[in-house]
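The next block is start.pdb, given as PDB, C-alpha atoms.
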ATOM      1  CA  MET F   1      34.196   3.669 -12.469
ATOM      2  CA  SER F   2      36.194   0.783 -13.939
ATOM      3  CA  TRP F   3      35.656   0.253 -17.662
ATOM      4  CA  ARG F   4      36.354  -3.444 -17.040
ATOM      5  CA  GLU F   5      33.426  -3.587 -14.628
ATOM      6  CA  PHE F   6      31.118  -2.043 -17.222
ATOM      7  CA  LEU F   7      32.329  -4.525 -19.865
ATOM      8  CA  LEU F   8      31.135  -7.600 -17.955
ATOM      9  CA  GLY F   9      28.782  -9.511 -20.238
ATOM     10  CA  LYS F  10      28.864  -6.789 -22.908
ATOM     11  CA  ARG F  11      32.170  -7.314 -24.718
ATOM     12  CA  ARG F  12      30.637  -8.700 -27.919
ATOM     13  CA  ARG F  13      27.934  -6.072 -28.317
ATOM     14  CA  LYS F  14      28.339  -3.853 -31.362
ATOM     15  CA  ASP F  15      27.841  -0.501 -29.591
ATOM     16  CA  VAL F  16      30.345  -1.420 -26.863
ATOM     17  CA  ALA F  17      32.915  -2.544 -29.456
ATOM     18  CA  GLU F  18      32.535   0.727 -31.362
ATOM     19  CA  PHE F  19      32.983   2.778 -28.187
ATOM     20  CA  SER F  20      36.083   0.709 -27.340
ATOM     21  CA  LEU F  21      37.781   1.599 -30.651
ATOM     22  CA  HIS F  22      38.426   5.135 -29.385
ATOM     23  CA  LEU F  23      38.149   4.374 -25.695
ATOM     24  CA  MET F  24      40.521   6.979 -24.251
ATOM     25  CA  ASP F  25      39.171   9.785 -26.448
ATOM     26  CA  ASN F  26      35.598   8.859 -25.505
ATOM     27  CA  ILE F  27      36.358   8.633 -21.790
ATOM     28  CA  LEU F  28      38.268  11.931 -21.753
ATOM     29  CA  GLY F  29      35.535  13.660 -23.725
ATOM     30  CA  LEU F  30      32.907  12.426 -21.288
ATOM     31  CA  HIS F  31      35.040  13.507 -18.322
ATOM     32  CA  ASN F  32      35.427  17.012 -19.746
ATOM     33  CA  ASP F  33      31.700  17.333 -20.448
ATOM     34  CA  LEU F  34      30.875  16.333 -16.893
ATOM     35  CA  GLU F  35      33.499  18.606 -15.372
ATOM     36  CA  ASN F  36      32.429  21.616 -17.480
ATOM     37  CA  LYS F  37      28.716  20.809 -17.135
ATOM     38  CA  THR F  38      28.313  20.598 -20.888
ATOM     39  CA  TYR F  39      27.122  16.976 -20.664
ATOM     40  CA  ARG F  40      23.860  16.264 -22.450
ATOM     41  CA  HIS F  41      22.150  12.891 -22.189
ATOM     42  CA  GLY F  42      21.443  11.334 -25.596
ATOM     43  CA  GLY F  43      18.323   9.584 -26.827
ATOM     44  CA  TYR F  44      17.206   6.003 -26.401
ATOM     45  CA  HIS F  45      16.883   2.948 -28.609
ATOM     46  CA  ALA F  46      13.390   1.549 -27.994
ATOM     47  CA  PHE F  47      12.357  -2.090 -28.365
ATOM     48  CA  LYS F  48       9.803  -4.490 -26.892
ATOM     49  CA  ILE F  49      10.136  -7.667 -24.857
ATOM     50  CA  ASN F  50       7.616 -10.145 -23.440
ATOM     51  CA  ASP F  51       8.404 -10.828 -19.790
ATOM     52  CA  PRO F  52       5.736 -12.288 -19.681
ATOM     53  CA  LYS F  53       3.572  -9.313 -20.642
ATOM     54  CA  PRO F  54       4.781  -6.858 -23.343
ATOM     55  CA  ARG F  55       7.174  -4.240 -22.000
ATOM     56  CA  ASP F  56       8.780  -1.233 -23.671
ATOM     57  CA  ILE F  57      12.536  -1.163 -23.060
ATOM     58  CA  HIS F  58      14.615   1.958 -23.707
ATOM     59  CA  LYS F  59      18.360   1.497 -24.067
ATOM     60  CA  ALA F  60      20.733   4.442 -23.695
ATOM     61  CA  SER F  61      24.071   4.852 -25.520
ATOM     62  CA  VAL F  62      27.255   3.335 -24.099
ATOM     63  CA  ARG F  63      28.421   6.839 -23.157
ATOM     64  CA  ASP F  64      25.285   7.531 -21.145
ATOM     65  CA  ARG F  65      25.254   4.065 -19.589
ATOM     66  CA  LEU F  66      28.745   4.726 -18.256
ATOM     67  CA  VAL F  67      27.320   7.768 -16.491
ATOM     68  CA  HIS F  68      24.461   5.653 -15.115
ATOM     69  CA  HIS F  69      26.935   3.147 -13.672
ATOM     70  CA  ALA F  70      28.988   5.895 -12.047
ATOM     71  CA  ILE F  71      25.866   7.414 -10.456
ATOM     72  CA  TYR F  72      24.704   4.023  -9.230
ATOM     73  CA  ARG F  73      28.054   3.165  -7.632
ATOM     74  CA  ILE F  74      28.077   6.446  -5.703
ATOM     75  CA  LEU F  75      24.430   6.619  -4.602
ATOM     76  CA  TYR F  76      23.601   2.969  -3.933
ATOM     77  CA  PRO F  77      25.633   2.600  -0.676
ATOM     78  CA  TYR F  78      24.043   5.759   0.756
ATOM     79  CA  PHE F  79      20.441   4.859  -0.011
ATOM     80  CA  ASP F  80      20.780   1.134   0.677
ATOM     81  CA  LYS F  81      21.138   1.981   4.383
ATOM     82  CA  ARG F  82      17.877   3.934   4.270
ATOM     83  CA  PHE F  83      15.708   1.289   2.624
ATOM     84  CA  ILE F  84      13.541  -0.882   4.856
ATOM     85  CA  HIS F  85      14.495  -4.517   5.324
ATOM     86  CA  ASP F  86      11.482  -5.796   3.407
ATOM     87  CA  SER F  87      12.136  -4.024   0.114
ATOM     88  CA  TYR F  88      13.462  -6.712  -2.249
ATOM     89  CA  SER F  89      13.733  -5.383  -5.817
ATOM     90  CA  CYS F  90      17.180  -4.832  -7.404
ATOM     91  CA  LEU F  91      19.014  -4.720  -4.082
ATOM     92  CA  ASP F  92      22.163  -6.622  -3.103
ATOM     93  CA  GLY F  93      21.353  -9.905  -1.398
ATOM     94  CA  LYS F  94      17.634  -9.582  -2.164
ATOM     95  CA  GLY F  95      15.418 -10.691  -5.091
ATOM     96  CA  THR F  96      12.193 -12.564  -5.789
ATOM     97  CA  HIS F  97      13.135 -15.744  -3.918
ATOM     98  CA  ARG F  98      14.037 -13.836  -0.758
ATOM     99  CA  ALA F  99      10.749 -11.918  -1.031
ATOM    100  CA  VAL F 100       8.752 -15.154  -1.372
ATOM    101  CA  ASN F 101      10.590 -16.688   1.594
ATOM    102  CA  ARG F 102       9.808 -13.595   3.663
ATOM    103  CA  PHE F 103       6.146 -13.894   2.684
ATOM    104  CA  LYS F 104       6.135 -17.527   3.868
ATOM    105  CA  TYR F 105       7.807 -16.528   7.141
ATOM    106  CA  PHE F 106       5.205 -13.793   7.729
ATOM    107  CA  ALA F 107       2.410 -16.252   6.920
ATOM    108  CA  GLY F 108       3.687 -18.584   9.632
ATOM    109  CA  LYS F 109       3.769 -15.736  12.152
ATOM    110  CA  VAL F 110       0.267 -14.450  11.344
ATOM    111  CA  SER F 111      -1.287 -17.936  11.209
ATOM    112  CA  ARG F 112       0.478 -18.917  14.440
ATOM    113  CA  ASN F 113       1.706 -22.085  12.786
ATOM    114  CA  ASN F 114      -1.422 -22.612  10.674
ATOM    115  CA  THR F 115      -3.952 -22.233  13.495
ATOM    116  CA  ARG F 116      -5.431 -18.895  12.310
ATOM    117  CA  THR F 117      -6.825 -17.616   9.011
ATOM    118  CA  VAL F 118      -4.370 -15.386   7.158
ATOM    119  CA  TRP F 119      -5.754 -12.536   5.039
ATOM    120  CA  VAL F 120      -3.505 -11.028   2.371
ATOM    121  CA  LEU F 121      -3.822  -7.567   0.840
ATOM    122  CA  LYS F 122      -2.078  -7.807  -2.527
ATOM    123  CA  CYS F 123      -1.502  -4.584  -4.480
ATOM    124  CA  ASP F 124      -0.024  -3.494  -7.785
ATOM    125  CA  ILE F 125       0.626   0.039  -9.039
ATOM    126  CA  LYS F 126      -0.842   1.155 -12.360
ATOM    127  CA  LYS F 127       1.832   1.607 -15.070
ATOM    128  CA  PHE F 128       4.523   2.068 -12.441
ATOM    129  CA  PHE F 129       7.606   3.219 -14.375
ATOM    130  CA  ALA F 130       5.521   5.252 -16.822
ATOM    131  CA  ASN F 131       3.941   7.291 -13.994
ATOM    132  CA  ILE F 132       6.983   8.255 -11.910
ATOM    133  CA  ASP F 133       6.725  12.043 -11.523
ATOM    134  CA  HIS F 134      10.037  13.846 -12.130
ATOM    135  CA  GLY F 135       9.191  16.761  -9.842
ATOM    136  CA  VAL F 136       8.297  14.501  -6.924
ATOM    137  CA  LEU F 137      11.438  12.402  -7.477
ATOM    138  CA  GLN F 138      13.669  15.470  -7.642
ATOM    139  CA  ASP F 139      12.160  16.839  -4.411
ATOM    140  CA  ILE F 140      12.915  13.529  -2.674
ATOM    141  CA  LEU F 141      16.509  13.572  -3.950
ATOM    142  CA  MET F 142      16.983  17.170  -2.770
ATOM    143  CA  ARG F 143      16.108  16.138   0.782
ATOM    144  CA  HIS F 144      18.958  13.611   0.767
ATOM    145  CA  ILE F 145      21.640  15.188  -1.434
ATOM    146  CA  GLN F 146      23.209  18.591  -0.852
ATOM    147  CA  ASP F 147      25.870  18.451  -3.574
ATOM    148  CA  GLU F 148      24.617  20.689  -6.412
ATOM    149  CA  ASP F 149      26.817  18.965  -9.010
ATOM    150  CA  VAL F 150      25.369  15.550  -8.185
ATOM    151  CA  LEU F 151      21.821  16.909  -8.319
ATOM    152  CA  TRP F 152      22.540  18.602 -11.670
ATOM    153  CA  LEU F 153      23.688  15.283 -13.151
ATOM    154  CA  LEU F 154      20.772  13.334 -11.680
ATOM    155  CA  TYR F 155      18.301  15.821 -13.143
ATOM    156  CA  LYS F 156      19.946  15.428 -16.570
ATOM    157  CA  VAL F 157      19.422  11.674 -16.410
ATOM    158  CA  ILE F 158      15.866  11.894 -15.035
ATOM    159  CA  ASP F 159      14.786  14.490 -17.609
ATOM    160  CA  SER F 160      16.340  12.522 -20.497
ATOM    161  CA  PHE F 161      13.154  10.485 -20.762
ATOM    162  CA  HIS F 162       9.431  11.069 -20.544
ATOM    163  CA  THR F 163       6.332   9.001 -21.171
ATOM    164  CA  GLN F 164       4.808   9.688 -24.574
ATOM    165  CA  CYS F 165       2.791  12.934 -24.545
ATOM    166  CA  ARG F 166       3.542  13.535 -20.836
ATOM    167  CA  ARG F 167       6.642  15.617 -20.201
ATOM    168  CA  GLY F 168       8.078  15.404 -16.708
ATOM    169  CA  VAL F 169       6.670  11.919 -16.121
ATOM    170  CA  GLY F 170       8.161   8.437 -16.505
ATOM    171  CA  LEU F 171      11.445   6.555 -16.139
ATOM    172  CA  PRO F 172      12.835   4.185 -18.785
ATOM    173  CA  LEU F 173      12.790   0.457 -18.206
ATOM    174  CA  GLY F 174      16.377  -0.434 -19.035
ATOM    175  CA  ASN F 175      18.388   2.199 -17.175
ATOM    176  CA  LEU F 176      20.461   0.993 -14.233
ATOM    177  CA  THR F 177      19.669   4.313 -12.561
ATOM    178  CA  SER F 178      15.926   3.691 -12.968
ATOM    179  CA  GLN F 179      16.152   0.616 -10.737
ATOM    180  CA  LEU F 180      17.674   2.682  -7.953
ATOM    181  CA  LEU F 181      15.491   5.748  -8.483
ATOM    182  CA  VAL F 182      12.214   3.826  -8.246
ATOM    183  CA  ASN F 183      13.398   2.288  -4.963
ATOM    184  CA  ILE F 184      14.207   5.787  -3.677
ATOM    185  CA  TYR F 185      10.749   6.915  -4.848
ATOM    186  CA  MET F 186       8.925   4.007  -3.209
ATOM    187  CA  ASN F 187      11.007   4.259  -0.041
ATOM    188  CA  GLU F 188       8.693   7.148   0.877
ATOM    189  CA  PHE F 189       5.776   4.727   0.661
ATOM    190  CA  ASP F 190       7.623   1.953   2.524
ATOM    191  CA  HIS F 191       8.188   4.208   5.523
ATOM    192  CA  PHE F 192       4.569   5.387   5.440
ATOM    193  CA  VAL F 193       3.379   1.758   5.569
ATOM    194  CA  LYS F 194       5.740   0.879   8.410
ATOM    195  CA  ARG F 195       5.556   4.080  10.480
ATOM    196  CA  GLU F 196       2.080   5.466   9.864
ATOM    197  CA  LEU F 197       0.040   2.359   9.082
ATOM    198  CA  LYS F 198       2.111   0.227  11.486
ATOM    199  CA  ALA F 199       1.903  -2.708   9.062
ATOM    200  CA  LYS F 200       4.140  -5.340  10.616
ATOM    201  CA  TYR F 201       3.916  -7.971   7.877
ATOM    202  CA  TYR F 202       4.663  -6.013   4.690
ATOM    203  CA  THR F 203       6.821  -7.056   1.718
ATOM    204  CA  ARG F 204       7.456  -5.121  -1.503
ATOM    205  CA  TYR F 205       9.153  -6.038  -4.776
ATOM    206  CA  ALA F 206       9.119  -3.067  -7.211
ATOM    207  CA  ASP F 207       5.425  -2.152  -7.575
ATOM    208  CA  ASP F 208       4.071  -5.456  -6.202
ATOM    209  CA  PHE F 209       3.473  -5.500  -2.475
ATOM    210  CA  VAL F 210       1.593  -7.558   0.108
ATOM    211  CA  ILE F 211       0.435  -7.003   3.680
ATOM    212  CA  LEU F 212      -0.620  -9.962   5.819
ATOM    213  CA  SER F 213      -3.020  -9.850   8.766
ATOM    214  CA  GLU F 214      -5.574 -11.992  10.581
ATOM    215  CA  ASP F 215      -7.967  -8.999  10.438
ATOM    216  CA  LYS F 216      -9.688  -8.502   7.070
ATOM    217  CA  ASP F 217     -11.350  -5.245   8.192
ATOM    218  CA  TYR F 218      -7.935  -3.750   9.017
ATOM    219  CA  LEU F 219      -6.667  -4.571   5.518
ATOM    220  CA  GLU F 220      -9.746  -2.990   3.911
ATOM    221  CA  GLU F 221      -9.161   0.144   5.955
ATOM    222  CA  ILE F 222      -5.477   0.520   5.149
ATOM    223  CA  CYS F 223      -6.074  -0.220   1.470
ATOM    224  CA  LEU F 224      -8.001   3.067   1.296
ATOM    225  CA  ALA F 225      -5.199   4.877   3.158
ATOM    226  CA  ILE F 226      -2.624   3.404   0.766
ATOM    227  CA  GLY F 227      -4.519   4.646  -2.282
ATOM    228  CA  LYS F 228      -4.793   8.150  -0.814
ATOM    229  CA  PHE F 229      -1.091   8.322   0.095
ATOM    230  CA  LEU F 230       0.066   7.135  -3.327
ATOM    231  CA  ALA F 231      -2.128   9.691  -5.108
ATOM    232  CA  ALA F 232      -1.349  12.648  -2.844
ATOM    233  CA  ASN F 233       2.370  12.106  -2.272
ATOM    234  CA  LEU F 234       3.692  10.122  -5.239
ATOM    235  CA  LYS F 235       1.089  10.796  -7.964
ATOM    236  CA  LEU F 236       0.568   7.059  -8.423
ATOM    237  CA  GLU F 237      -2.569   4.918  -8.584
ATOM    238  CA  LEU F 238      -3.337   1.388  -7.492
ATOM    239  CA  ASN F 239      -4.192  -0.984 -10.311
ATOM    240  CA  LEU F 240      -7.629  -1.965  -9.027
ATOM    241  CA  ASP F 241      -7.791  -4.995 -11.340
ATOM    242  CA  LYS F 242      -4.760  -6.437  -9.550
ATOM    243  CA  THR F 243      -5.550  -5.300  -6.012
ATOM    244  CA  SER F 244      -7.293  -7.852  -3.803
ATOM    245  CA  ILE F 245      -7.858  -9.143  -0.295
ATOM    246  CA  GLN F 246      -7.939 -12.934  -0.080
ATOM    247  CA  THR F 247      -7.119 -15.785   2.253
ATOM    248  CA  LEU F 248      -3.776 -17.521   2.078
ATOM    249  CA  ALA F 249      -5.671 -20.827   1.891
ATOM    250  CA  SER F 250      -7.076 -19.801  -1.515
ATOM    251  CA  GLY F 251      -3.534 -19.373  -2.874
ATOM    252  CA  VAL F 252      -1.831 -15.990  -3.308
ATOM    253  CA  ASP F 253      -0.210 -15.218  -6.668
ATOM    254  CA  PHE F 254       3.023 -13.348  -5.882
ATOM    255  CA  LEU F 255       6.172 -12.882  -7.982
ATOM    256  CA  GLY F 256       5.641 -15.839 -10.297
ATOM    257  CA  TYR F 257       4.580 -18.286  -7.601
ATOM    258  CA  VAL F 258       1.247 -19.210  -6.005
ATOM    259  CA  ILE F 259       1.683 -19.465  -2.236
ATOM    260  CA  PHE F 260      -0.481 -21.719  -0.030
ATOM    261  CA  PRO F 261      -0.217 -22.369   3.734
ATOM    262  CA  GLN F 262       1.715 -25.620   3.303
ATOM    263  CA  HIS F 263       3.370 -25.317  -0.089
ATOM    264  CA  VAL F 264       4.335 -23.099  -3.034
ATOM    265  CA  VAL F 265       3.777 -23.844  -6.731
ATOM    266  CA  LEU F 266       4.823 -22.112  -9.928
ATOM    267  CA  ARG F 267       2.246 -19.780 -11.452
ATOM    268  CA  THR F 268       0.725 -21.494 -14.513
ATOM    269  CA  THR F 269       1.827 -18.737 -16.899
ATOM    270  CA  THR F 270       5.369 -18.861 -15.470
ATOM    271  CA  LYS F 271       5.463 -22.624 -15.985
ATOM    272  CA  ARG F 272       4.222 -22.427 -19.590
ATOM    273  CA  ARG F 273       6.739 -19.711 -20.433
ATOM    274  CA  ALA F 274       9.544 -21.750 -18.891
ATOM    275  CA  PHE F 275       8.626 -24.864 -20.915
ATOM    276  CA  LYS F 276       8.939 -22.802 -24.109
ATOM    277  CA  ARG F 277      12.271 -21.196 -23.210
ATOM    278  CA  VAL F 278      14.254 -23.834 -21.335
ATOM    279  CA  ASN F 279      17.324 -25.309 -23.071
ATOM    280  CA  LYS F 280      20.659 -26.803 -22.041
ATOM    281  CA  ASN F 281      22.299 -23.407 -21.592
ATOM    282  CA  ASN F 282      19.682 -21.925 -19.284
ATOM    283  CA  LEU F 283      18.588 -25.172 -17.590
ATOM    284  CA  PRO F 284      20.393 -24.397 -14.272
ATOM    285  CA  SER F 285      18.447 -21.137 -13.955
ATOM    286  CA  TYR F 286      15.118 -22.886 -14.462
ATOM    287  CA  LEU F 287      16.036 -25.655 -12.041
ATOM    288  CA  GLY F 288      16.822 -22.899  -9.552
ATOM    289  CA  LEU F 289      13.384 -21.414 -10.185
ATOM    290  CA  VAL F 290      11.575 -24.613  -9.214
ATOM    291  CA  SER F 291      13.907 -25.385  -6.298
ATOM    292  CA  HIS F 292      11.956 -22.787  -4.304
ATOM    293  CA  CYS F 293       8.609 -24.524  -4.692
ATOM    294  CA  LYS F 294       6.877 -27.885  -5.070
ATOM    295  CA  GLY F 295       8.409 -28.599  -8.438
ATOM    296  CA  TYR F 296      10.133 -31.996  -8.677
ATOM    297  CA  LYS F 297       8.016 -33.130 -11.652
ATOM    298  CA  ILE F 298       8.463 -29.775 -13.382
ATOM    299  CA  ALA F 299      12.236 -29.984 -12.915
ATOM    300  CA  GLU F 300      12.254 -33.422 -14.535
ATOM    301  CA  ARG F 301      10.208 -32.053 -17.422
ATOM    302  CA  PHE F 302      12.688 -29.163 -17.834
ATOM    303  CA  LYS F 303      15.517 -31.684 -18.128
ATOM    304  CA  GLU F 304      13.626 -33.701 -20.753
ATOM    305  CA  ILE F 305      12.875 -30.617 -22.852
ATOM    306  CA  ALA F 306      16.462 -29.329 -22.614
ATOM    307  CA  GLU F 307      17.781 -32.727 -23.706
ATOM    308  CA  TYR F 308      15.342 -32.848 -26.608
ATOM    309  CA  LYS F 309      16.298 -29.340 -27.809
ATOM    310  CA  ASP F 310      20.028 -30.094 -27.767
TER     311      ASP F 310
END
Could you express the structure from this file as structure tokens?
Amino acid sequence: MSWREFLLGKRRRKDVAEFSLHLMDNILGLHNDLENKTYRHGGYHAFKINDPKPRDIHKASVRDRLVHHAIYRILYPYFDKRFIHDSYSCLDGKGTHRAVNRFKYFAGKVSRNNTRTVWVLKCDIKKFFANIDHGVLQDILMRHIQDEDVLWLLYKVIDSFHTQCRRGVGLPLGNLTSQLLVNIYMNEFDHFVKRELKAKYYTRYADDFVILSEDKDYLEEICLAIGKFLAANLKLELNLDKTSIQTLASGVDFLGYVIFPQHVVLRTTTKRRAFKRVNKNNLPSYLGLVSHCKGYKIAERFKEIAEYKD
């Protein structure tokens, strides 16, 4: 992996600068450890962010993050071909806006151009990253990867972290590899939904997923099947407080937006958070956020706030 590629956006960070002081020695030492299988993943620096709810982030050392990048570059092209089309989290050419657009497209199909009632099963998985089971994940990887050296390294990374008081469970929010590994994990579920449940109008972003249908009874039935599959095969649970079946006409809260049959608006909490954070530097990003919904007045307000903060 190119060191220059890793450096993008990180040049001024203290840990990266320190690693760069003895770059060749550090790179050669890492290469030797990997070749001789003496590599040991280090610990993590933990901190919290609000995005918008509190999240625990765990940051690995520069040395270990280089390994993560190398793993990602090798595995991503292989697994990307095996993911379903309607998986949108942390994948090239995907993202929240594509997921929302797909939702709107599905809504048009199910409603037959707004002539039928659309029911939406919206689900969320309880403490997603914290409940990823290492044994289940390693079994999935073994079915796809035959190279023992690659598996050895993957297991080192996976086992470098565990949820407090639960060994063998959990992936760290913050690892590049975690983004790929949870998609590999949930790919098992994606194929179950598409092949076994035959859900035609299904979209997933990380642990948030929706299924659209004009038949409410069908959604109630498959919701039970989904819960059973997650528990039996992936050792995960639905977050019942965030799992619902509702009509599209009532407005479906999905990925920071509330989606209606004829329009999309920003979720209230998303809007409030944006008003607090917007400034001249990040204004283009926030204008991009509202460009995907009914947000002309919000965009004007963003501009006013950014001008005032300057």
Residues matched by the PyMOL selection byres ((chain F and resi 2-14) around 9) as number ranges by chain: F: 1, 15-19, 65-66, 69
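Residues captured in this structure file are Ala46, Phe47, Lys48, Ile49, Asn50, Asp51, Pro52, Lys53, Pro54, Asp56, Ile57, His58, Lys127, Phe128, Phe129, Ala130, Pro172, Leu173 and Gly174 of chain F, according to the PyMOL selection byres ((chain F and resi 55) around 12).
Minimum atom-to-atom distance to Lys122 (chain F), evaluated using all atoms listed in the file, belongs to F:Cys223 out of F:Leu21, F:Ala299, F:Cys223, F:Ala306.
Counting all atoms listed in the file, the residue from F:Ser213, F:Gln262, F:Ser285, F:Thr177 that sits nearest to Lys104 (chain F) is F:Gln262.
Distances here use all atoms listed in the file; by that measure, the residue among F:Val258, F:Cys123, F:Ile211, F:Val150 closest to Gly227 (chain F) is F:Cys123.
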